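Participant: Pasting my_file_35.cif below, which is mmCIF, C-alpha atoms and all ligand atoms.
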```cif
data_work
#
loop_
_atom_site.label_atom_id
_atom_site.label_comp_id
_atom_site.auth_asym_id
_atom_site.auth_seq_id
_atom_site.Cartn_x
_atom_site.Cartn_y
_atom_site.Cartn_z
CA MET P 1 137.16 102.32 68.61
CA ASP P 2 136.42 105.75 70.10
CA ASP P 3 136.04 107.29 66.66
CA ILE P 4 133.59 104.64 65.53
CA GLU P 5 131.59 105.04 68.73
CA LYS P 6 131.49 108.81 68.30
CA GLU P 7 130.26 108.38 64.78
CA LEU P 8 127.49 106.10 66.03
CA GLU P 9 126.50 108.57 68.73
CA GLN P 10 126.05 111.26 66.13
CA VAL P 11 123.61 109.17 64.09
CA GLN P 12 120.23 110.95 64.08
CA ASN P 13 117.87 108.67 62.20
CA GLU P 14 117.43 105.22 60.70
CA GLU P 15 118.81 106.25 57.29
CA GLU P 16 122.08 107.40 58.83
CA LEU P 17 122.10 104.24 60.92
CA ALA P 18 121.83 102.14 57.77
CA VAL P 19 124.84 103.99 56.32
CA PHE P 20 126.78 103.35 59.50
CA HIS P 21 125.92 99.65 59.29
CA LYS P 22 127.05 99.48 55.68
CA ASN P 23 130.33 101.25 56.48
CA TYR P 24 131.34 99.15 59.47
CA LEU P 25 129.25 96.06 60.15
CA SER P 26 127.97 94.78 56.80
CA LYS P 27 129.79 92.10 54.78
CA THR P 28 131.84 94.79 53.10
CA GLY P 29 132.06 97.00 56.20
CA LYS P 30 135.42 98.04 57.64
CA LEU P 31 135.24 95.88 60.77
CA THR P 32 134.21 92.79 58.82
CA MET P 33 137.00 93.41 56.32
CA MET P 34 139.56 93.82 59.06
CA LEU P 35 138.53 90.48 60.52
CA ALA P 36 138.81 88.90 57.11
CA GLY P 37 142.25 90.47 56.70
CA LEU P 38 143.54 88.55 59.73
CA LYS P 39 144.24 85.53 57.64
CA ASP P 40 147.20 87.33 56.07
CA MET P 41 148.85 87.85 59.45
CA ILE P 42 151.47 85.63 60.93
CA ALA P 43 150.05 83.03 63.32
CA GLU P 44 151.45 84.49 66.57
CA GLN P 45 149.88 87.87 65.97
CA ARG P 46 146.66 86.54 64.53
CA ALA P 47 145.22 85.07 67.76
CA GLU P 48 145.74 88.21 69.82
CA ALA P 49 144.59 90.62 67.13
CA GLY P 50 141.59 88.43 66.29
CA LYS P 51 140.48 88.41 69.90
CA ARG P 52 140.70 92.19 70.19
CA LEU P 53 138.99 92.80 66.89
CA ASN P 54 136.14 90.43 67.69
CA GLU P 55 135.56 92.11 71.04
CA LEU P 56 135.57 95.49 69.36
CA LYS P 57 133.10 94.38 66.71
CA ARG P 58 130.79 92.87 69.31
CA ALA P 59 130.86 96.01 71.45
CA ILE P 60 129.99 98.14 68.44
CA GLU P 61 127.19 95.76 67.50
CA VAL P 62 125.65 96.04 70.98
CA LYS P 63 125.75 99.84 70.75
CA PHE P 64 124.34 99.65 67.26
CA PHE P 65 121.29 97.65 68.40
CA GLN P 66 120.75 99.94 71.36
CA LYS P 67 120.81 102.93 69.06
CA GLN P 68 118.43 101.22 66.66
CA ALA P 69 115.92 100.47 69.46
CA ALA P 70 116.13 104.04 70.75
CA LEU P 71 115.61 105.54 67.29
CA ARG P 72 112.63 103.28 66.60
CA ALA P 73 111.00 104.13 69.94
CA LYS P 74 111.55 107.81 69.23
CA ALA P 75 110.02 107.51 65.78
CA VAL P 76 106.93 105.70 67.11
CA ASN P 77 106.45 108.27 69.87
CA GLU P 78 106.76 111.12 67.41
CA LYS P 79 104.26 109.54 65.09
CA LEU P 80 101.79 109.05 67.95
CA LYS P 81 102.30 112.60 69.12
CA ASN P 82 101.92 114.23 65.74
CA ASP P 83 99.21 112.12 64.17
CA PRO P 84 95.85 113.77 64.95
CA LEU P 85 94.04 110.54 64.13
CA ILE P 86 95.66 108.51 66.89
CA ASP P 87 94.70 109.17 70.49
CA ILE P 88 96.10 106.42 72.66
CA THR P 89 94.08 107.56 75.67
CA VAL P 90 90.74 106.67 74.07
CA PRO P 91 89.41 103.32 75.37
CA ALA P 92 89.14 100.56 72.79
CA ILE P 93 85.74 100.34 71.14
CA ASP P 94 83.67 97.23 71.87
CA GLN P 95 86.45 95.66 73.90
CA PRO P 96 85.61 94.77 77.50
CA ARG P 97 88.11 96.50 79.70
CA GLY P 98 90.00 94.69 82.43
CA SER P 99 89.29 95.45 86.06
CA LEU P 100 90.94 95.07 89.42
CA HIS P 101 90.43 91.91 91.42
CA PRO P 102 88.40 92.32 94.66
CA ILE P 103 91.47 91.35 96.71
CA THR P 104 93.52 94.02 94.95
CA LEU P 105 90.81 96.59 95.60
CA VAL P 106 90.68 95.96 99.35
CA THR P 107 94.45 95.71 99.60
CA ARG P 108 94.91 99.06 97.91
CA ARG P 109 92.36 100.65 100.18
CA ILE P 110 94.11 99.35 103.29
CA VAL P 111 97.52 100.30 101.97
CA ASP P 112 96.35 103.85 101.26
CA ILE P 113 94.89 104.30 104.74
CA CYS P 114 97.91 102.83 106.51
CA ARG P 115 100.33 104.88 104.41
CA SER P 116 98.44 108.00 105.46
CA MET P 117 99.15 106.98 109.08
CA GLY P 118 102.85 106.64 108.28
CA PHE P 119 103.05 102.86 108.01
CA LEU P 120 105.61 101.17 105.82
CA VAL P 121 104.11 98.68 103.39
CA VAL P 122 106.20 95.54 103.15
CA ASP P 123 105.85 92.88 100.50
CA GLY P 124 106.82 89.54 101.97
CA ASN P 125 107.98 86.23 100.55
CA GLU P 126 105.55 83.37 100.15
CA VAL P 127 108.24 80.77 100.78
CA VAL P 128 109.72 81.32 104.23
CA THR P 129 111.79 79.38 106.72
CA GLU P 130 110.22 77.23 109.40
CA PHE P 131 111.90 79.57 111.88
CA GLU P 132 110.23 82.70 110.47
CA ASN P 133 106.81 81.12 110.22
CA PHE P 134 106.82 79.51 113.66
CA ASP P 135 109.79 79.76 116.05
CA ALA P 136 110.35 83.48 115.56
CA VAL P 137 106.74 84.19 116.50
CA ASN P 138 107.05 82.16 119.68
CA ILE P 139 105.72 78.87 118.30
CA PRO P 140 108.56 76.36 118.95
CA SER P 141 108.33 72.92 117.37
CA ASP P 142 106.67 71.32 120.41
CA HIS P 143 103.99 74.03 120.70
CA PRO P 144 100.40 72.85 120.23
CA ALA P 145 99.65 76.01 118.19
CA ARG P 146 101.53 74.38 115.30
CA ASP P 147 98.67 71.92 114.94
CA MET P 148 96.27 74.72 114.10
CA GLN P 149 98.02 75.52 110.86
CA ASP P 150 98.35 72.55 108.56
CA THR P 151 101.43 73.56 106.67
CA PHE P 152 102.78 72.84 103.20
CA TRP P 153 106.38 71.74 103.65
CA LEU P 154 108.81 71.99 100.78
CA THR P 155 111.49 69.38 100.21
CA ASN P 156 114.18 71.92 101.13
CA GLY P 157 112.69 72.29 104.64
CA LYS P 158 111.10 75.66 103.95
CA VAL P 159 107.36 76.25 104.20
CA LEU P 160 104.66 78.14 102.34
CA LYS P 161 103.82 81.00 104.71
CA THR P 162 100.76 80.02 106.77
CA GLN P 163 100.33 83.48 108.28
CA THR P 164 101.53 86.99 107.55
CA SER P 165 102.95 86.97 111.10
CA ALA P 166 105.86 85.11 109.49
CA MET P 167 107.11 88.52 108.30
CA GLN P 168 107.35 90.04 111.77
CA HIS P 169 110.84 88.79 112.52
CA GLU P 170 112.39 89.99 109.28
CA ILE P 171 110.74 93.41 109.51
CA LEU P 172 111.77 93.92 113.13
CA LYS P 173 115.33 92.93 112.31
CA LYS P 174 115.50 95.14 109.26
CA TYR P 175 113.63 98.25 110.42
CA GLY P 176 113.42 97.89 114.21
CA PRO P 177 113.38 98.81 117.00
CA VAL P 178 111.10 101.71 116.01
CA VAL P 179 108.85 100.72 113.16
CA SER P 180 105.25 100.82 111.91
CA ALA P 181 104.51 98.48 109.05
CA ILE P 182 101.71 96.63 107.38
CA PHE P 183 102.31 93.55 105.33
CA PRO P 184 99.50 92.10 103.28
CA GLY P 185 100.26 88.76 101.69
CA ARG P 186 99.16 85.43 100.34
CA CYS P 187 99.16 82.58 102.83
CA TYR P 188 98.74 78.85 102.40
CA ARG P 189 97.31 76.11 104.55
CA ASN P 190 96.75 72.50 103.69
CA GLU P 191 92.96 72.67 103.92
CA ALA P 192 90.18 70.82 102.17
CA THR P 193 88.44 73.45 100.06
CA ASP P 194 84.79 74.36 100.31
CA ALA P 195 82.76 77.56 100.05
CA SER P 196 84.55 79.09 103.03
CA HIS P 197 87.98 77.40 102.95
CA GLU P 198 90.78 77.75 100.44
CA PHE P 199 94.35 76.50 100.62
CA ALA P 200 95.55 79.89 99.32
CA PHE P 201 94.13 83.04 100.86
CA PHE P 202 95.18 86.53 101.83
CA GLN P 203 95.86 88.02 105.22
CA CYS P 204 97.01 91.43 106.29
CA GLU P 205 99.17 92.09 109.30
CA GLY P 206 100.12 95.33 110.97
CA MET P 207 102.70 96.12 113.58
CA MET P 208 103.88 99.16 115.50
CA VAL P 209 106.93 99.06 117.75
CA GLY P 210 108.63 101.86 119.64
CA LYS P 211 108.78 103.46 123.07
CA ASP P 212 105.50 103.76 124.97
CA ILE P 213 103.30 102.02 122.43
CA SER P 214 100.14 100.79 124.15
CA ILE P 215 96.84 99.01 123.59
CA ALA P 216 95.22 102.45 123.25
CA ASN P 217 97.36 103.00 120.14
CA LEU P 218 96.32 99.60 118.84
CA ILE P 219 92.63 100.37 119.22
CA TYR P 220 93.05 103.76 117.59
CA VAL P 221 94.86 102.30 114.58
CA LEU P 222 92.29 99.53 114.15
CA LYS P 223 89.42 102.01 114.39
CA THR P 224 91.00 104.40 111.90
CA LEU P 225 91.84 101.59 109.51
CA LEU P 226 88.40 99.99 109.58
CA SER P 227 86.53 103.28 109.45
CA GLY P 228 88.59 104.12 106.36
CA VAL P 229 87.88 100.75 104.76
CA TYR P 230 84.13 101.06 105.25
CA GLY P 231 83.90 104.82 104.80
CA LYS P 232 82.03 105.27 108.08
CA GLU P 233 82.71 105.34 111.79
CA ILE P 234 83.43 101.79 113.01
CA ASN P 235 83.73 100.71 116.63
CA VAL P 236 86.21 98.08 117.68
CA ARG P 237 85.87 95.69 120.58
CA LEU P 238 88.58 93.46 122.01
CA ARG P 239 87.98 90.11 123.68
CA PRO P 240 90.70 88.10 125.42
CA GLY P 241 92.21 85.60 122.99
CA PHE P 242 95.32 83.46 122.84
CA PHE P 243 98.01 83.79 120.20
CA PRO P 244 101.54 82.71 121.16
CA PHE P 245 103.17 85.85 119.72
CA VAL P 246 101.20 88.41 121.73
CA GLU P 247 100.75 88.98 125.46
CA PRO P 248 98.12 90.05 126.28
CA GLY P 249 96.34 88.74 123.20
CA PHE P 250 92.88 89.53 121.90
CA GLU P 251 90.38 88.71 119.26
CA TYR P 252 88.77 91.81 117.88
CA ASP P 253 85.41 92.60 116.36
CA ALA P 254 84.20 95.54 114.31
CA SER P 255 80.74 97.00 114.71
CA CYS P 256 78.84 95.69 111.70
CA PRO P 257 79.33 98.18 108.85
CA PHE P 258 76.34 96.80 106.98
CA CYS P 259 73.62 97.39 109.57
CA GLY P 260 75.39 99.86 111.86
CA GLY P 261 75.27 97.35 114.72
CA LYS P 262 71.51 96.76 114.66
CA GLY P 263 71.83 93.16 113.48
CA CYS P 264 71.67 91.70 109.96
CA PRO P 265 72.48 88.42 108.17
CA VAL P 266 76.14 89.44 107.60
CA CYS P 267 76.81 89.86 111.34
CA LYS P 268 74.48 86.98 112.17
CA HIS P 269 72.28 89.47 114.00
CA SER P 270 74.91 90.13 116.64
CA GLY P 271 75.85 93.64 115.50
CA TRP P 272 79.56 92.65 115.50
CA ILE P 273 81.85 91.04 112.97
CA GLU P 274 84.81 88.96 114.12
CA LEU P 275 87.81 90.17 112.24
CA GLY P 276 91.05 88.77 113.58
CA GLY P 277 93.62 88.66 116.33
CA CYS P 278 95.82 91.28 117.93
CA GLY P 279 97.78 92.10 121.04
CA MET P 280 101.00 93.42 122.49
CA ILE P 281 103.97 91.71 120.84
CA HIS P 282 105.45 89.04 123.09
CA GLY P 283 108.85 89.85 124.60
CA ASN P 284 110.30 86.66 123.12
CA VAL P 285 109.37 87.80 119.60
CA LEU P 286 111.08 91.16 120.11
CA GLN P 287 114.13 89.61 121.73
CA MET P 288 114.61 87.04 118.95
CA ALA P 289 114.67 89.93 116.46
CA GLY P 290 117.22 91.86 118.50
CA VAL P 291 114.78 94.36 120.02
CA ASP P 292 115.13 94.87 123.78
CA PRO P 293 111.67 94.31 125.32
CA SER P 294 112.57 96.29 128.43
CA GLN P 295 113.08 99.37 126.24
CA TYR P 296 110.59 98.89 123.43
CA GLN P 297 107.15 97.47 123.07
CA GLY P 298 104.53 97.31 120.38
CA PHE P 299 101.36 95.83 119.05
CA ALA P 300 100.50 93.52 116.18
CA PHE P 301 97.23 92.70 114.52
CA GLY P 302 96.17 90.40 111.74
CA PHE P 303 93.03 89.77 109.77
CA GLY P 304 91.80 87.84 106.77
CA LEU P 305 91.93 90.06 103.73
CA THR P 306 90.08 87.42 101.76
CA ARG P 307 87.27 87.45 104.29
CA LEU P 308 87.13 91.22 104.26
CA ALA P 309 86.86 91.24 100.47
CA MET P 310 84.13 88.60 100.59
CA MET P 311 82.08 90.66 103.01
CA GLN P 312 82.70 93.88 101.15
CA TYR P 313 81.61 92.53 97.78
CA ALA P 314 79.04 89.99 99.02
CA ILE P 315 80.97 87.02 97.66
CA ASN P 316 79.54 83.80 99.05
CA ASP P 317 82.08 81.27 97.79
CA VAL P 318 85.79 81.83 98.48
CA ARG P 319 86.77 79.56 95.57
CA LEU P 320 85.50 82.16 93.11
CA LEU P 321 88.36 84.46 94.05
CA ASN P 322 91.01 82.11 92.66
CA SER P 323 88.87 80.78 89.85
CA GLY P 324 89.80 83.17 87.05
CA ASN P 325 86.08 83.26 86.26
CA LEU P 326 85.59 86.43 84.24
CA GLU P 327 81.84 86.43 84.63
CA PHE P 328 82.25 86.52 88.39
CA LEU P 329 84.80 89.34 88.18
CA ARG P 330 82.60 91.38 85.85
CA GLY P 331 79.69 90.96 88.25
CA ILE P 332 81.55 92.56 91.18
CA LYS P 333 79.99 95.93 92.00
CA ARG P 334 82.92 98.20 92.62
N1 LIG I 401 98.55 84.97 112.61
C1 LIG I 401 97.22 84.80 113.20
C2 LIG I 401 96.47 83.76 112.40
O1 LIG I 401 96.78 83.52 111.26
C3 LIG I 401 96.47 86.11 113.24
C4 LIG I 401 97.04 87.08 114.24
C5 LIG I 401 96.62 87.03 115.55
C6 LIG I 401 97.97 88.03 113.89
C7 LIG I 401 97.11 87.88 116.51
C8 LIG I 401 98.48 88.92 114.83
C9 LIG I 401 98.04 88.83 116.14
O2 LIG I 401 99.39 89.86 114.56
O3 LIG I 401 98.52 89.70 117.06
O4 LIG I 401 95.54 83.19 112.91
#
```
Before anything else, please render the file you have as C-alpha cells.
Facilitator:
Amino acid sequence: MDDIEKELEQVQNEEELAVFHKNYLSKTGKLTMMLAGLKDMIAEQRAEAGKRLNELKRAIEVKFFQKQAALRAKAVNEKLKNDPLIDITVPAIDQPRGSLHPITLVTRRIVDICRSMGFLVVDGNEVVTEFENFDAVNIPSDHPARDMQDTFWLTNGKVLKTQTSAMQHEILKKYGPVVSAIFPGRCYRNEATDASHEFAFFQCEGMMVGKDISIANLIYVLKTLLSGVYGKEINVRLRPGFFPFVEPGFEYDASCPFCGGKGCPVCKHSGWIELGGCGMIHGNVLQMAGVDPSQYQGFAFGFGLTRLAMMQYAINDVRLLNSGNLEFLRGIKR
C-alpha cells in the first residue's frame, strides 16, 4: 500500500498518471488482477482478503482522483499564466457586469465603519427561538409589545426573526460581559405589502456592553456611524421612546443629510430623519444572558437598513429591492 502511494505521489504529470492507472487500476492493472485472483483462494480466507483488498483499491482510487484534479488545476493555471493572449483580469467585452445590491452596499459601508471602531460583526440566524426573539429581550408572552410584530411561526415552534434584537441574547452569552458588536440581518413580519411595507426587510443592530458604558458613548457611536454613512457631519437627537429591552429608551433622529437640516421632501421639511430606537440595555436582558447588571451596563440601537438604503439611493418602492428586477438594479446610481 505504502509503495503504491509513494509511486502516486511521485507522479508529475497526466502522462505519468495514465501509466500509473494502467499499472494498478485498469482492467489489467495489478490491483484489479489481485481482486480477480481471489476466486482461487479458499473460502475462509477469501472474505477477509477481499475486504482488505477492496478497501485498499478504493483508497488508492480516491488518491488517484485527487491527484488528477490537482494536476489538471496546475496545468490550467500554467496555461493561463504563460499564454500572452489570455488575460483573465480583462472585463468581458459587451457583457453587462454584475453589481452589488443597494442593501449590500449600505451594509458594507456600515460594517466598515463599525469595524474601524472595534465592533465585532455577527451574522445571525433567520430562524430563531421564540425565547430569543421575544422573552430574552424582555418581551414575555403576555406583553403587549408582542402585538406590534406580527410574526411568522414555524410548525416546530420557532419563528422567523422579527427584529435583529433577537441576536442580543446569543451574543451576550457568547462574547459578554464586555462586548461591542453589530449585527445586520434580514427580518420578517407578517405584513401586507405595499410601497413602504415588505414582509422581508433588513435591520441593523448595534450593542456595546462593559463597565461604565453610558448614553454619551451611545450618542458618539451613532454620530460617528451616521457621519461615516453619509460622508458628512451628522447630528443625532434622542427623544424618549419605549422599547421593552432598553431603560431608558429613545427614538433617535439624524439631521437630514440631504438638505443639511434646512428642510426638504426627504425629511418632510423637518430637518430631521427618524431612524430607529436605542437605549441602555434593560437589566433583565443582561441578567437573562448571564451578565450581572450591577457590574456591567451597555447600550443597544437598531435601525432599518432597508429604509436607509431606500433614502440613500432614492428608491420609492420597497418591493423593488426583493424583485430581482435588473433594470432597477442597473439604474441605481452608486
Ligand atoms: N427592535 C426594534 C424594532 O424592531 C428596534 C430597536 C429599538 C432596537 C430599540 C434596539 C433598541 O436595539 O434599543 O422596532
Participant: Quick one: residues within 9 Å of Phe64 in chain P, all atoms listed in the file, excluding same-chain residues fewer than 3 positions away - as a PyMOL selection string?
Facilitator: chain P and resi 8+17+20-21+59-61+67-69
Participant: Go ahead and find all residues with at least one atom no further than 12 Å from (113.6, 106.6, 64.1) in the file's coordinates, using all atoms listed in the file; report them as a PyMOL selection string.
Facilitator: chain P and resi 11-18+67-79
Participant: If the limit is 9 Å from any atom of ligand LIG 401 (chain I), counting only C-alpha atoms and all ligand atoms, which residues qualify? Return them as a VMD selection string.
Facilitator: chain P and resid 148 to 149 162 to 166 168 187 203 to 207 241 to 247 249 to 251 276 to 281 299 to 304
Participant: Is there a way to get, as a ChimeraX atom specification, all residues within 6 Å of the point (111.9, 85.6, 114.7) in file coordinates, counting only C-alpha atoms?
Facilitator: /P:132,136-137,169,285,288-289
Participant: Would you list the contacts of Gly260 in chain P as JSON, numbers by chain, taking every protein, DNA or RNA residue within 9 Å and counting only C-alpha atoms, but skipping same-chain residues closer than 5 positions in sequence?
Facilitator: {"P": [234, 255, 271]}
Participant: Those residues with C-alpha atoms, as an mmCIF file, in the coordinates of the input please?
Facilitator:
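See result_27.cif below for the written result:
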```
data_model
loop_
_atom_site.group_PDB
_atom_site.id
_atom_site.type_symbol
_atom_site.label_atom_id
_atom_site.label_comp_id
_atom_site.auth_asym_id
_atom_site.auth_seq_id
_atom_site.Cartn_x
_atom_site.Cartn_y
_atom_site.Cartn_z
ATOM 1 C CA ILE P 234 83.430 101.790 113.010
ATOM 2 C CA SER P 255 80.740 97.000 114.710
ATOM 3 C CA GLY P 271 75.850 93.640 115.500
#
```
Participant: When you draw a straight line from CA of Asn133 in chain P to CA of Leu286 in chain P, how long is it in Å?
Facilitator: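 CA of Leu286 in chain P lies 14.7 Å from CA of Asn133 in chain P.
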Participant: Where atoms are absent from range 309-323 of chain P, fill them in so it carries N, CA, C and O atoms, then output it as a compact mmCIF listing (two decimals), in the frame of the given file.
Facilitator:
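File produced: out-v3.txt:
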```txt
# COMPACT_ATOMS: atom_id res chain seq x y z
N ALA P 309 87.30 91.02 101.85
CA ALA P 309 86.86 91.24 100.47
C ALA P 309 85.53 90.54 100.23
O ALA P 309 84.64 91.07 99.56
N MET P 310 85.38 89.34 100.80
CA MET P 310 84.13 88.60 100.59
C MET P 310 82.95 89.34 101.20
O MET P 310 81.87 89.41 100.61
N MET P 311 83.17 89.92 102.39
CA MET P 311 82.08 90.66 103.01
C MET P 311 81.78 91.93 102.24
O MET P 311 80.63 92.28 101.99
N GLN P 312 82.86 92.60 101.84
CA GLN P 312 82.70 93.88 101.15
C GLN P 312 81.92 93.74 99.85
O GLN P 312 81.12 94.57 99.50
N TYR P 313 82.22 92.67 99.10
CA TYR P 313 81.61 92.53 97.78
C TYR P 313 80.56 91.42 97.74
O TYR P 313 80.22 90.93 96.65
N ALA P 314 80.09 91.02 98.93
CA ALA P 314 79.04 89.99 99.02
C ALA P 314 79.36 88.76 98.19
O ALA P 314 78.55 88.31 97.37
N ILE P 315 80.56 88.23 98.38
CA ILE P 315 80.97 87.02 97.66
C ILE P 315 80.70 85.83 98.59
O ILE P 315 81.18 85.81 99.72
N ASN P 316 79.93 84.85 98.10
CA ASN P 316 79.54 83.80 99.05
C ASN P 316 80.34 82.51 98.89
O ASN P 316 80.13 81.56 99.63
N ASP P 317 81.26 82.48 97.94
CA ASP P 317 82.08 81.27 97.79
C ASP P 317 83.54 81.69 97.57
O ASP P 317 83.87 82.31 96.55
N VAL P 318 84.39 81.37 98.53
CA VAL P 318 85.79 81.83 98.48
C VAL P 318 86.51 81.31 97.24
O VAL P 318 87.44 81.94 96.73
N ARG P 319 86.07 80.17 96.72
CA ARG P 319 86.77 79.56 95.57
C ARG P 319 86.67 80.43 94.32
O ARG P 319 87.51 80.34 93.44
N LEU P 320 85.64 81.28 94.27
CA LEU P 320 85.50 82.16 93.11
C LEU P 320 86.69 83.10 92.97
O LEU P 320 87.09 83.46 91.86
N LEU P 321 87.28 83.47 94.10
CA LEU P 321 88.36 84.46 94.05
C LEU P 321 89.59 83.96 93.30
O LEU P 321 90.31 84.74 92.68
N ASN P 322 89.85 82.66 93.38
CA ASN P 322 91.01 82.11 92.66
C ASN P 322 90.61 81.44 91.35
O ASN P 322 91.42 80.78 90.72
N SER P 323 89.36 81.61 90.95
CA SER P 323 88.87 80.78 89.85
C SER P 323 89.21 81.31 88.47
O SER P 323 89.15 80.58 87.50
```
